[in-house]
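So this one's data_39.txt, compact mmCIF, C-alpha atoms:
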# COMPACT_ATOMS: atom_id res chain seq x y z
CA MET A 9 5.39 -28.59 -13.35
CA SER A 10 2.30 -30.38 -12.16
CA ILE A 11 -1.23 -29.08 -11.83
CA ILE A 12 -0.61 -28.43 -8.10
CA LEU A 13 2.80 -26.77 -8.38
CA TRP A 14 1.81 -24.18 -10.98
CA PRO A 15 -0.98 -22.50 -8.92
CA VAL A 16 1.22 -22.69 -5.80
CA PHE A 17 4.08 -21.00 -7.69
CA LEU A 18 1.76 -18.26 -9.02
CA LEU A 19 0.19 -17.75 -5.59
CA LEU A 20 3.64 -17.43 -4.01
CA ILE A 21 4.64 -14.75 -6.53
CA VAL A 22 1.48 -12.72 -5.83
CA ALA A 23 1.94 -13.12 -2.06
CA PHE A 24 5.63 -12.14 -2.21
CA GLN A 25 4.86 -9.08 -4.37
CA GLY A 26 2.59 -7.59 -1.68
CA SER A 27 4.44 -8.91 1.35
CA THR A 28 5.83 -6.50 3.95
CA SER A 29 8.86 -8.83 4.11
CA ASN A 30 9.72 -8.18 0.47
CA PRO A 31 13.09 -6.40 0.88
CA ILE A 32 13.60 -5.46 -2.79
CA GLU A 33 12.68 -1.78 -2.86
CA LEU A 34 14.54 1.32 -3.98
CA GLY A 35 13.31 4.84 -3.23
CA GLY A 36 9.80 3.55 -2.55
CA ILE A 37 9.65 1.70 -5.90
CA ARG A 38 9.32 -2.09 -5.98
CA PRO A 39 9.88 -4.18 -9.10
CA ASP A 40 6.83 -5.93 -10.56
CA PHE A 41 7.72 -9.62 -10.10
CA ILE A 42 4.36 -10.58 -11.58
CA LEU A 43 5.13 -8.76 -14.83
CA ILE A 44 8.58 -10.38 -14.96
CA ALA A 45 7.00 -13.82 -14.38
CA VAL A 46 4.38 -13.17 -17.09
CA TYR A 47 7.11 -12.02 -19.49
CA PHE A 48 9.26 -15.13 -19.05
CA LEU A 49 6.27 -17.48 -19.10
CA GLY A 50 5.12 -15.79 -22.32
CA ILE A 51 8.60 -16.12 -23.84
CA LEU A 52 8.92 -19.78 -22.83
CA LYS A 53 5.35 -21.01 -23.31
CA GLY A 54 4.10 -18.97 -26.28
CA ASP A 55 1.58 -16.20 -26.87
CA VAL A 56 -1.73 -17.90 -26.00
CA ARG A 57 -0.45 -19.49 -22.81
CA GLY A 58 1.39 -16.25 -21.94
CA GLY A 59 -1.85 -14.32 -22.36
CA LEU A 60 -3.78 -16.82 -20.26
CA ILE A 61 -1.23 -16.87 -17.45
CA GLY A 62 -1.07 -13.05 -17.64
CA ALA A 63 -4.85 -12.83 -17.23
CA LEU A 64 -4.74 -15.20 -14.25
CA LEU A 65 -1.92 -13.32 -12.49
CA GLY A 66 -3.47 -9.95 -13.38
CA PHE A 67 -6.73 -11.12 -11.87
CA PHE A 68 -4.97 -12.21 -8.63
CA LEU A 69 -3.12 -8.88 -8.55
CA ASP A 70 -6.33 -6.89 -9.04
CA ILE A 71 -7.97 -8.68 -6.10
CA THR A 72 -5.13 -7.77 -3.72
CA SER A 73 -4.63 -4.23 -5.05
CA ALA A 74 -6.52 -1.09 -4.03
CA GLY A 75 -7.04 -0.06 -7.67
CA PRO A 76 -10.51 1.21 -8.61
CA VAL A 77 -11.08 -1.28 -11.48
CA TYR A 78 -9.85 -4.69 -12.63
CA SER A 79 -7.19 -3.21 -14.92
CA ASN A 80 -4.35 -5.74 -14.51
CA ILE A 81 -6.38 -8.54 -16.13
CA PHE A 82 -6.13 -6.60 -19.40
CA SER A 83 -2.61 -5.21 -19.05
CA LYS A 84 -0.98 -8.46 -17.85
CA SER A 85 -2.76 -10.68 -20.39
CA PHE A 86 -1.68 -8.29 -23.15
CA MET A 87 1.89 -8.33 -21.82
CA GLY A 88 1.89 -12.16 -21.67
CA TYR A 89 0.65 -12.36 -25.24
CA LEU A 90 3.21 -9.76 -26.37
CA ALA A 91 6.02 -11.69 -24.64
CA GLY A 92 4.89 -14.83 -26.50
CA VAL A 93 5.10 -12.98 -29.81
CA ILE A 94 8.54 -11.61 -28.86
CA GLY A 95 9.63 -15.14 -27.94
CA ARG A 96 8.60 -16.42 -31.36
CA TRP A 97 10.56 -13.79 -33.25
CA VAL A 98 13.62 -13.24 -31.06
CA HIS A 99 15.71 -16.39 -30.78
CA ASN A 100 18.21 -16.95 -27.98
CA PRO A 101 18.59 -13.34 -26.86
CA GLY A 102 21.17 -12.32 -24.24
CA TYR A 103 20.47 -10.70 -20.88
CA LEU A 104 20.90 -7.18 -22.30
CA LEU A 105 18.14 -7.72 -24.85
CA HIS A 106 15.85 -9.19 -22.16
CA MET A 107 16.63 -6.20 -19.94
CA GLY A 108 15.65 -3.83 -22.76
CA LEU A 109 12.51 -5.78 -23.67
CA ILE A 110 11.29 -6.02 -20.06
CA PHE A 111 11.99 -2.28 -19.68
CA LEU A 112 9.80 -1.58 -22.73
CA VAL A 113 7.03 -3.99 -21.67
CA SER A 114 6.97 -2.51 -18.15
CA LEU A 115 6.94 1.06 -19.50
CA MET A 116 4.07 0.11 -21.80
CA GLN A 117 2.16 -1.29 -18.82
CA GLY A 118 2.84 1.93 -16.90
CA LEU A 119 1.41 3.94 -19.79
CA ILE A 120 -1.73 1.75 -19.83
CA ILE A 121 -2.25 2.39 -16.09
CA PHE A 122 -1.58 6.10 -16.64
CA LEU A 123 -4.28 6.16 -19.35
CA ILE A 124 -6.73 4.47 -16.96
CA PHE A 125 -5.93 7.14 -14.33
CA SER A 126 -6.39 9.86 -16.97
CA PHE A 127 -9.78 8.37 -17.78
CA LEU A 128 -10.67 8.38 -14.05
CA GLY A 129 -9.37 11.95 -13.64
CA THR A 130 -6.67 11.11 -11.05
CA ALA A 131 -3.56 11.07 -13.27
CA ARG A 132 -0.58 13.32 -12.49
CA PHE A 133 1.53 14.35 -15.46
CA PRO A 134 4.53 14.12 -15.63
CA GLY A 135 4.85 12.82 -12.03
CA ASP A 136 3.27 9.42 -12.69
CA ILE A 137 5.56 8.74 -15.63
CA LEU A 138 8.77 10.22 -14.18
CA TYR A 139 8.50 8.95 -10.62
CA ILE A 140 6.56 5.68 -10.95
CA ALA A 141 6.40 4.20 -14.48
CA PHE A 142 9.96 4.99 -15.62
CA PRO A 143 11.89 3.99 -12.44
CA GLN A 144 9.79 0.84 -12.17
CA ALA A 145 10.55 -0.06 -15.79
CA VAL A 146 14.30 0.38 -15.15
CA PHE A 147 14.06 -1.74 -11.98
CA ASP A 148 11.99 -4.43 -13.76
CA GLY A 149 14.53 -4.56 -16.58
CA PHE A 150 17.40 -5.03 -14.14
CA ILE A 151 15.62 -7.72 -12.09
CA GLY A 152 14.50 -9.38 -15.35
CA ALA A 153 18.12 -9.62 -16.50
CA VAL A 154 19.04 -11.25 -13.17
CA VAL A 155 16.12 -13.72 -13.50
CA TYR A 156 17.19 -14.50 -17.08
CA SER A 157 20.76 -15.18 -15.92
CA ILE A 158 19.47 -17.53 -13.19
CA ILE A 159 17.13 -19.41 -15.58
CA SER A 160 19.78 -19.81 -18.29
CA PHE A 161 22.37 -20.87 -15.69
CA ARG A 162 20.02 -23.51 -14.26
CA LYS A 163 18.75 -24.72 -17.65
CA LYS A 164 21.18 -24.16 -20.48
CA ASN A 165 18.69 -24.66 -23.33
CA ALA A 166 15.76 -22.81 -21.76
CA PHE A 167 15.71 -20.02 -24.34
CA ARG A 168 16.73 -21.98 -27.43
CA ILE A 169 13.64 -24.17 -27.80
CA ILE A 170 10.78 -21.87 -28.82
CA ASN A 171 7.55 -23.37 -30.11
CA MET B 8 -1.01 -27.49 -16.23
CA PHE B 9 -1.35 -26.26 -19.84
CA ARG B 10 -1.93 -29.79 -21.09
CA PHE B 11 -4.57 -30.14 -18.38
CA LEU B 12 -6.28 -26.94 -19.56
CA THR B 13 -6.13 -28.04 -23.20
CA LEU B 14 -7.73 -31.33 -22.25
CA ASN B 15 -10.34 -29.71 -20.01
CA LYS B 16 -11.70 -26.96 -22.20
CA LYS B 17 -14.81 -26.67 -20.03
CA ILE B 18 -12.68 -25.57 -17.06
CA LEU B 19 -10.91 -23.03 -19.27
CA ILE B 20 -14.21 -21.62 -20.55
CA ALA B 21 -15.61 -21.50 -16.98
CA PHE B 22 -12.48 -19.63 -15.86
CA ILE B 23 -12.74 -17.11 -18.72
CA LEU B 24 -16.44 -16.59 -17.94
CA LEU B 25 -15.59 -16.06 -14.25
CA ILE B 26 -13.01 -13.43 -15.19
CA GLY B 27 -15.62 -11.84 -17.46
CA VAL B 28 -18.07 -11.64 -14.55
CA PHE B 29 -15.40 -10.00 -12.39
CA VAL B 30 -14.55 -7.49 -15.09
CA LEU B 31 -18.19 -6.59 -15.63
CA LEU B 32 -18.79 -6.26 -11.91
CA SER B 33 -15.40 -4.68 -11.17
CA PRO B 34 -16.37 -1.09 -10.26
CA GLU B 35 -19.12 -2.42 -8.01
CA ILE B 36 -16.79 -4.97 -6.36
CA LYS B 37 -13.82 -2.64 -6.07
CA GLN B 38 -15.69 0.31 -4.63
CA SER B 39 -17.77 -1.76 -2.20
CA PRO B 40 -16.85 -1.15 1.49
CA LYS B 41 -16.87 -4.91 2.09
CA TYR B 42 -14.83 -7.62 0.40
CA HIS B 43 -16.86 -9.55 -2.16
CA VAL B 44 -17.62 -13.18 -1.32
CA LEU B 45 -15.77 -14.25 -4.50
CA GLU B 46 -12.63 -12.29 -3.48
CA ARG B 47 -12.36 -13.64 0.06
CA PRO B 48 -11.08 -17.22 -0.48
CA PHE B 49 -8.16 -16.04 -2.60
CA LEU B 50 -7.37 -13.13 -0.27
CA THR B 51 -7.46 -15.35 2.80
CA VAL B 52 -4.95 -17.78 1.23
CA THR B 53 -2.69 -14.94 0.02
CA TRP B 54 -2.64 -13.23 3.40
CA LEU B 55 -1.98 -16.50 5.18
CA ILE B 56 1.10 -16.95 2.98
CA GLN B 57 2.11 -13.31 3.61
CA SER B 58 1.72 -13.81 7.37
CA GLY B 59 4.00 -16.84 6.97
CA PHE B 60 6.57 -14.68 5.13
CA ASN B 61 6.36 -12.14 7.98
CA ILE B 62 6.90 -14.81 10.65
CA VAL B 63 9.91 -16.24 8.76
CA SER B 64 11.48 -12.84 8.08
CA GLY B 65 10.69 -11.65 11.64
CA GLY B 66 12.35 -14.80 13.06
CA GLY B 67 15.35 -14.34 10.80
CA SER B 68 15.84 -10.70 11.73
CA SER B 69 15.38 -11.42 15.45
CA VAL B 70 18.07 -14.16 15.29
CA TRP B 71 20.37 -11.75 13.43
CA ASN B 72 19.72 -8.82 15.74
CA GLY B 73 19.57 -10.85 18.95
CA TYR B 74 22.45 -13.29 18.54
CA ILE B 75 24.74 -12.30 15.68
CA ASN B 76 24.79 -8.56 15.14
CA LEU B 77 25.80 -7.53 18.70
CA ILE B 78 28.47 -4.97 17.82
CA ASN B 79 28.12 -1.71 19.80
CA VAL B 80 25.51 -3.26 22.14
CA GLN B 81 27.43 -2.36 25.32
CA GLU B 82 27.86 1.25 24.21
CA GLU B 83 24.21 1.43 23.16
CA ASN B 84 23.16 -0.06 26.52
CA GLN B 85 25.06 2.66 28.39
CA GLN B 86 23.39 5.33 26.24
CA LEU B 87 19.98 3.82 26.94
CA VAL B 88 20.59 3.79 30.72
CA GLU B 89 21.37 7.51 30.51
CA GLU B 90 18.26 8.04 28.38
CA VAL B 91 16.06 6.20 30.91
CA LYS B 92 17.36 8.43 33.71
CA ARG B 93 16.58 11.56 31.69
CA LEU B 94 13.13 10.27 30.69
CA ARG B 95 12.23 9.37 34.30
CA SER B 96 12.75 12.96 35.39
CA GLU B 97 10.78 14.11 32.34
CA VAL B 98 7.88 11.77 33.25
CA ILE B 99 7.63 13.32 36.71
CA TYR B 100 7.50 16.80 35.17
CA LEU B 101 4.91 15.73 32.54
CA LYS B 102 2.71 13.99 35.13
CA GLU B 103 2.38 17.30 36.91
CA LYS B 104 1.61 19.05 33.61
CA SER B 105 -0.98 16.36 32.77
CA ALA B 106 -2.70 16.79 36.12
CA THR B 107 -2.88 20.56 35.52
CA GLY B 108 -4.25 19.88 32.01
CA ASP B 109 -6.93 17.54 33.41
CA ARG B 110 -8.03 20.17 35.90
CA LEU B 111 -8.26 22.82 33.16
CA MET B 112 -10.14 20.48 30.81
CA GLU B 113 -12.62 19.68 33.55
CA LEU B 114 -12.99 23.41 34.18
CA LEU B 115 -13.56 24.20 30.49
CA LYS B 116 -15.59 20.99 29.83
CA LEU B 117 -13.34 20.10 26.90
CA TRP B 118 -13.41 16.71 25.22
CA ASP B 119 -10.41 14.63 26.14
CA THR B 120 -9.07 13.12 22.86
CA SER B 121 -7.18 10.48 24.83
CA ALA B 122 -10.59 8.95 25.67
CA VAL B 123 -10.95 7.85 22.04
CA LYS B 124 -11.21 4.04 21.74
CA HIS B 125 -8.46 2.30 19.76
CA VAL B 126 -7.79 -1.20 18.42
CA ALA B 127 -4.17 -2.21 17.82
CA ALA B 128 -3.43 -4.17 14.62
CA ASN B 129 -0.47 -5.58 12.70
CA VAL B 130 0.22 -4.83 9.06
CA ILE B 131 0.22 -8.10 7.09
CA ALA B 132 0.54 -6.83 3.53
CA LYS B 133 0.95 -3.75 1.41
CA ASP B 134 -0.38 -2.90 -2.03
CA PRO B 135 1.42 -5.06 -4.61
CA THR B 136 1.72 -2.19 -7.12
CA ASN B 137 3.54 1.14 -6.93
CA TRP B 138 0.44 3.00 -8.13
CA TYR B 139 -1.67 2.82 -4.97
CA GLY B 140 -0.89 3.41 -1.30
CA ALA B 141 -2.66 0.78 0.79
CA LEU B 142 -2.03 -1.68 3.61
CA VAL B 143 -3.83 -4.76 4.90
CA ILE B 144 -4.19 -5.16 8.67
CA ASN B 145 -5.05 -8.30 10.64
CA LYS B 146 -8.18 -6.89 12.32
CA GLY B 147 -11.63 -6.73 10.76
CA GLU B 148 -15.36 -6.65 11.39
CA GLU B 149 -15.05 -9.19 14.23
CA ASP B 150 -12.97 -6.60 16.13
CA GLY B 151 -15.52 -3.86 15.47
CA ILE B 152 -13.68 -2.27 12.55
CA LYS B 153 -15.82 -0.48 9.98
CA PRO B 154 -15.08 1.46 6.78
CA ASN B 155 -14.01 5.10 7.23
CA MET B 156 -12.37 4.62 10.63
CA GLY B 157 -9.08 6.50 11.09
CA VAL B 158 -5.75 4.67 11.36
CA ILE B 159 -2.79 6.14 13.26
CA THR B 160 0.55 5.26 14.85
CA ALA B 161 2.41 6.90 17.72
CA GLU B 162 4.03 9.19 15.11
CA GLY B 163 0.83 10.44 13.48
CA VAL B 164 -1.86 9.78 10.88
CA ILE B 165 -1.53 6.75 8.58
CA GLY B 166 -4.82 6.67 6.67
CA ARG B 167 -8.34 5.31 6.94
CA ILE B 168 -10.14 1.99 6.56
CA VAL B 169 -11.71 1.58 3.12
CA LYS B 170 -12.71 -2.08 2.98
CA THR B 171 -13.44 -4.73 5.59
CA ALA B 172 -13.77 -8.49 5.95
CA PRO B 173 -14.44 -10.47 9.17
CA ASP B 174 -10.76 -10.80 10.08
CA TYR B 175 -8.82 -8.31 7.93
CA SER B 176 -9.24 -4.79 6.56
CA ARG B 177 -7.68 -2.57 3.92
CA VAL B 178 -6.23 0.82 4.91
CA LEU B 179 -5.91 3.59 2.32
CA LEU B 180 -2.71 5.48 3.16
CA LEU B 181 -2.79 9.25 3.39
CA SER B 182 -0.22 9.33 0.56
CA ASP B 183 -2.62 7.65 -1.91
CA ARG B 184 -3.97 9.87 -4.70
CA ASN B 185 -7.56 9.17 -3.54
CA SER B 186 -6.90 10.19 0.07
CA ALA B 187 -7.96 13.49 1.70
CA ILE B 188 -7.86 14.50 5.38
CA ALA B 189 -9.10 17.69 7.03
CA GLY B 190 -6.20 19.43 8.76
CA LEU B 191 -5.08 22.71 10.25
CA ILE B 192 -1.80 24.51 10.79
CA GLN B 193 -1.04 24.09 14.47
CA ARG B 194 0.69 27.49 14.88
CA THR B 195 -1.96 29.66 13.24
CA GLY B 196 -5.11 27.50 13.01
CA TYR B 197 -5.67 27.91 9.25
CA GLU B 198 -7.74 24.97 8.02
CA GLY B 199 -7.17 23.05 4.78
CA ILE B 200 -7.27 19.59 3.20
CA ALA B 201 -4.20 17.32 3.08
CA GLU B 202 -4.38 15.33 -0.15
CA GLY B 203 -2.21 12.39 -1.23
CA GLN B 204 -0.02 12.58 -4.34
CA GLN B 205 1.17 8.93 -4.53
CA GLY B 206 4.66 9.96 -3.52
CA ARG B 207 6.51 11.10 -0.43
CA VAL B 208 4.81 14.48 -0.26
CA LEU B 209 1.21 15.54 0.30
CA LYS B 210 -0.52 18.68 -0.91
CA PHE B 211 -2.11 20.96 1.68
CA ASN B 212 -4.87 22.72 -0.23
CA TYR B 213 -7.28 25.62 0.29
CA ILE B 214 -4.96 27.90 2.31
CA MET B 215 -5.50 31.53 1.19
CA THR B 216 -2.51 33.42 -0.27
CA ASP B 217 -2.55 35.97 2.55
CA ALA B 218 -2.49 33.28 5.29
CA ASP B 219 0.53 33.16 7.61
CA VAL B 220 2.36 29.91 6.76
CA LEU B 221 6.02 29.09 7.37
CA ASP B 222 8.35 26.22 6.46
CA ASN B 223 8.36 23.46 9.11
CA ASP B 224 4.92 24.44 10.44
CA ILE B 225 3.16 21.35 11.84
CA VAL B 226 -0.18 20.35 10.33
CA ILE B 227 -2.56 18.42 12.60
CA THR B 228 -6.00 16.87 12.11
CA SER B 229 -8.80 19.39 12.56
CA GLY B 230 -11.39 16.84 13.64
CA THR B 231 -13.99 18.24 11.26
CA ASP B 232 -14.07 15.19 8.97
CA GLY B 233 -15.48 12.88 11.65
CA VAL B 234 -12.69 10.34 11.01
CA PHE B 235 -9.86 11.63 13.22
CA PRO B 236 -10.04 13.52 16.52
CA ARG B 237 -8.46 16.97 16.58
CA GLY B 238 -4.72 17.20 17.23
CA ILE B 239 -3.12 14.15 15.59
CA VAL B 240 -0.03 15.11 13.59
CA ILE B 241 -0.35 14.75 9.81
CA GLY B 242 2.94 16.25 8.66
CA ARG B 243 5.37 19.13 8.44
CA ILE B 244 5.24 21.86 5.79
CA ASN B 245 8.11 21.43 3.35
CA LYS B 246 7.52 23.87 0.48
CA ILE B 247 5.35 26.97 0.07
CA GLU B 248 4.55 28.78 -3.17
CA LYS B 249 2.38 31.88 -3.40
CA PRO B 250 1.42 32.15 -7.10
CA GLN B 251 0.39 35.56 -8.40
CA ASN B 252 -3.33 36.08 -9.12
CA ARG B 253 -4.32 32.87 -7.36
CA LEU B 254 -6.67 32.48 -4.46
CA PHE B 255 -4.81 29.67 -2.69
CA GLN B 256 -1.17 28.90 -1.84
CA SER B 257 0.54 25.79 -3.13
CA ILE B 258 1.82 23.96 -0.05
CA GLU B 259 3.67 20.65 0.20
CA LEU B 260 3.64 18.50 3.32
CA ILE B 261 5.96 15.69 4.41
CA PRO B 262 4.06 13.06 6.46
CA VAL B 263 5.48 12.61 9.96
CA ALA B 264 4.71 8.87 10.06
CA THR B 265 7.02 6.63 8.02
CA LEU B 266 4.35 5.14 5.79
CA SER B 267 6.58 2.61 4.01
CA LYS B 268 7.98 1.09 7.20
CA VAL B 269 4.86 0.94 9.36
CA ARG B 270 4.27 -2.48 10.98
CA GLU B 271 1.84 -1.79 13.86
CA VAL B 272 -1.09 0.61 13.75
CA MET B 273 -4.04 1.71 15.85
CA VAL B 274 -7.55 2.00 14.45
CA ILE B 275 -9.72 4.72 15.97
CA LYS B 276 -12.98 2.94 16.76
CA SER B 277 -14.99 5.64 18.43
CA LEU B 278 -14.99 9.38 17.99
CA ILE B 279 -17.97 10.04 20.23
CA SER B 280 -17.13 12.35 23.13
CA PRO B 281 -17.70 10.94 26.63
CA ASP B 282 -20.58 13.40 27.17
CA VAL B 283 -22.39 12.31 24.00
CA ASP B 284 -21.68 8.67 24.88
CA ARG B 285 -23.22 9.17 28.34
CA LEU B 286 -26.31 10.87 26.85
CA LEU B 287 -26.75 8.04 24.32
CA LYS B 288 -26.51 5.46 27.10
CA GLU B 289 -29.06 7.37 29.20
CA GLU B 290 -31.40 7.56 26.22
CA LYS B 291 -31.08 3.78 25.66
CA GLU B 292 -31.80 3.05 29.32
CA GLU B 293 -34.98 5.17 29.17
I need this file expressed as structure tokens, please.
Amino acid sequence: MSIILWPVFLLLIVAFQGSTSNPIELGGIRPDFILIAVYFLGILKGDVRGGLIGALLGFFLDITSAGPVYSNIFSKSFMGYLAGVIGRWVHNPGYLLHMGLIFLVSLMQGLIIFLIFSFLGTARFPGDILYIAFPQAVFDGFIGAVVYSIISFRKKNAFRIIN
Amino acid sequence: MFRFLTLNKKILIAFILLIGVFVLLSPEIKQSPKYHVLERPFLTVTWLIQSGFNIVSGGGSSVWNGYINLINVQEENQQLVEEVKRLRSEVIYLKEKSATGDRLMELLKLWDTSAVKHVAANVIAKDPTNWYGALVINKGEEDGIKPNMGVITAEGVIGRIVKTAPDYSRVLLLSDRNSAIAGLIQRTGYEGIAEGQQGRVLKFNYIMTDADVLDNDIVITSGTDGVFPRGIVIGRINKIEKPQNRLFQSIELIPVATLSKVREVMVIKSLISPDVDRLLKEEKEE
């Protein structure tokens, strides 16, 4: 993708994530499309680029979110880097493995946010884990598997060529 | 793009430094009541795209609802005609009640809460994460909106303004973990604080264990926080626990307003009573 299309694509993801027209919601929980995008970009583009794109998307997310600190820059860049490392070691995984990995990555991100809340004194245990982090991780895993199926259907060799 | 960044290392370094500046300044930027000048360009572009999404999805749903999905319309129309007839008779009855109320208020010199000034606004975005409860509305400083103004709908309380820009503002929902609103139980008058839990229920704190509280009691704003006038519905009591050897009851509230589906809101611009307003004007004229 060109220098113009990439920022437009990233901007569209951030805008869609916070849009009131986003219909994908279950019991008040929305999947984190930005995390899913960072995961796949990390898998496909490698750890450094995954980390960089994660930092950029995390930064955009922090600007639009009501969070008290810029926490997503750290969590998303770490997730992008982690996805790059996963991509290097796991070759040609199926949708079930991606579902499991995205579930774990999302749960890890939830735990990072929970730790930040604990530090700020506003965490609720076990409510934050049981009613936000865990359902979101399940949802992210499911949506991630769908995204994987779409990418591999559109581009047969997308997940075979890794660095 | 990545090749471009590899070739232009200076841009990459400048970007990393910019992120570093944001991170270092983050608590100051995030907790400021006004959007930072560095945040605004990105936010403006994002919210323009989100407004576009809203227009497209609004158009799509209006085509679907107006031209395609017309099953049961005739039956619904008949029901609505009956409803209008019933409501007309109710309006006549309530007009008489309202006139009586006005006379009594005049007699008692009470402050009429309906005299509070409002600004109507549309919701253009919601918080992108599941961890915070916030909305963005399409009215800002140019419409006289300032931080800490109350936000309501016809159903009840929604939240309060926490951050403003010239043409948009952020609303912290009453369900957010950082939200607290002074309220009272309508039936008995016991005062407490409704606090968000980042879920579908709120906590209603500081109600003594011997206080008379029942399930389904309505909690309204008490007006003591200077953000909301007295009498706007916050929620309905859902669960009551009276722990042994504790000073306060543990009470859960369900908000009356549907926070996840809200599309239009009203911002309370002025809480000054007409009498105080008149005195201030007189003082200015002198």
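Between CA of Gln117 in chain A and CA of Tyr139 in chain B there is a distance of 14.9 Å.
When CA of His99 in chain A is paired with CA of Leu115 in chain A, their separation reads 22.6 Å.
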Residues of chain A within 8 Å of chain B, counting all atoms listed in the file - could you list those as a PDB file with C-alpha atoms, keeping the file's coordinate frame?
ATOM      1  CA  MET A   9       5.390 -28.590 -13.350  1.00  0.00           C
ATOM      2  CA  SER A  10       2.300 -30.380 -12.160  1.00  0.00           C
ATOM      3  CA  ILE A  11      -1.230 -29.080 -11.830  1.00  0.00           C
ATOM      4  CA  TRP A  14       1.810 -24.180 -10.980  1.00  0.00           C
ATOM      5  CA  LEU A  19       0.190 -17.750  -5.590  1.00  0.00           C
ATOM      6  CA  LEU A  20       3.640 -17.430  -4.010  1.00  0.00           C
ATOM      7  CA  VAL A  22       1.480 -12.720  -5.830  1.00  0.00           C
ATOM      8  CA  ALA A  23       1.940 -13.120  -2.060  1.00  0.00           C
ATOM      9  CA  PHE A  24       5.630 -12.140  -2.210  1.00  0.00           C
ATOM     10  CA  GLN A  25       4.860  -9.080  -4.370  1.00  0.00           C
ATOM     11  CA  GLY A  26       2.590  -7.590  -1.680  1.00  0.00           C
ATOM     12  CA  SER A  27       4.440  -8.910   1.350  1.00  0.00           C
ATOM     13  CA  THR A  28       5.830  -6.500   3.950  1.00  0.00           C
ATOM     14  CA  SER A  29       8.860  -8.830   4.110  1.00  0.00           C
ATOM     15  CA  GLY A  36       9.800   3.550  -2.550  1.00  0.00           C
ATOM     16  CA  ILE A  37       9.650   1.700  -5.900  1.00  0.00           C
ATOM     17  CA  ARG A  38       9.320  -2.090  -5.980  1.00  0.00           C
ATOM     18  CA  ASP A  40       6.830  -5.930 -10.560  1.00  0.00           C
ATOM     19  CA  ARG A  57      -0.450 -19.490 -22.810  1.00  0.00           C
ATOM     20  CA  PHE A  67      -6.730 -11.120 -11.870  1.00  0.00           C
ATOM     21  CA  PHE A  68      -4.970 -12.210  -8.630  1.00  0.00           C
ATOM     22  CA  LEU A  69      -3.120  -8.880  -8.550  1.00  0.00           C
ATOM     23  CA  ILE A  71      -7.970  -8.680  -6.100  1.00  0.00           C
ATOM     24  CA  THR A  72      -5.130  -7.770  -3.720  1.00  0.00           C
ATOM     25  CA  SER A  73      -4.630  -4.230  -5.050  1.00  0.00           C
ATOM     26  CA  ALA A  74      -6.520  -1.090  -4.030  1.00  0.00           C
ATOM     27  CA  GLY A  75      -7.040  -0.060  -7.670  1.00  0.00           C
ATOM     28  CA  PRO A  76     -10.510   1.210  -8.610  1.00  0.00           C
ATOM     29  CA  VAL A  77     -11.080  -1.280 -11.480  1.00  0.00           C
ATOM     30  CA  TYR A  78      -9.850  -4.690 -12.630  1.00  0.00           C
ATOM     31  CA  THR A 130      -6.670  11.110 -11.050  1.00  0.00           C
ATOM     32  CA  ILE A 140       6.560   5.680 -10.950  1.00  0.00           C
TER      33      ILE A 140
END
_Atomic separation - CA of Gly118 in chain A relative to CA of Leu52 in chain A, Å_ = 23.3 Å
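Distances from B:Thr216, B:Val70, B:Phe235, B:Ile258 to Lys124 in chain B were compared using all atoms listed in the file, and the smallest one belongs to B:Phe235.
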_Which residue is closest to Gly152 in chain A? Choose from A:Leu18, A:Leu123, A:Leu65, A:Leu105 and count all atoms listed in the file._
A:Leu105
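Each of B:Leu181, B:Val80, B:Leu286, B:Ala128 was compared to Gly163 in chain B using only C-alpha atoms, and B:Leu181 turns out to be the nearest.
Across B:Ala106, B:Ile192, B:Gly203, B:Ala172, the tightest approach to Gly238 in chain B is made by B:Ile192 when counting all atoms listed in the file.
Across A:Leu90, A:Leu64, A:Val155, A:Ile12, the tightest approach to Ser114 in chain A is made by A:Leu90 when counting only C-alpha atoms.
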*10 Å contact set for Arg96 in chain A, all atoms listed in the file, chain neighbours under 2 positions out, as a ChimeraX atom specification*: /A:50-55,90-94,98-99,169-171
_Set the distance at 8 Å and use all atoms listed in the file: which residues neighbour Ile168 in chain B once local chain neighbours fewer than 3 positions away are removed? I'd like the list as a PyMOL selection string._
chain B and resi 153-158+171+176-179
*Which residue gives the smallest distance to Val123 in chain B among B:Val272, B:Ser229, B:Gly242, B:Val234, with all atoms listed in the file counted?*
B:Val234
_Gly59 in chain A surroundings by all atoms listed in the file, 7 Å radius, close-in-sequence under 5 positions cut, as a PyMOL selection string_ = chain A and resi 85-86+88-89
*Using all atoms listed in the file, what residues lie at most 8 Å away from (11.8, -8.0, -6.7) (file coordinates), given as an MDAnalysis selection string?*
chainID A and resid 25 30:33 38:41 148 151
Using C-alpha atoms, can you export the residues from the last selection as an mmCIF file, in the coordinates of the input?
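Saved the output as out_0.cif:
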data_model
loop_
_atom_site.group_PDB
_atom_site.id
_atom_site.type_symbol
_atom_site.label_atom_id
_atom_site.label_comp_id
_atom_site.auth_asym_id
_atom_site.auth_seq_id
_atom_site.Cartn_x
_atom_site.Cartn_y
_atom_site.Cartn_z
ATOM 1 C CA GLN A 25 4.860 -9.080 -4.370
ATOM 2 C CA ASN A 30 9.720 -8.180 0.470
ATOM 3 C CA PRO A 31 13.090 -6.400 0.880
ATOM 4 C CA ILE A 32 13.600 -5.460 -2.790
ATOM 5 C CA GLU A 33 12.680 -1.780 -2.860
ATOM 6 C CA ARG A 38 9.320 -2.090 -5.980
ATOM 7 C CA PRO A 39 9.880 -4.180 -9.100
ATOM 8 C CA ASP A 40 6.830 -5.930 -10.560
ATOM 9 C CA PHE A 41 7.720 -9.620 -10.100
ATOM 10 C CA ASP A 148 11.990 -4.430 -13.760
ATOM 11 C CA ILE A 151 15.620 -7.720 -12.090
#
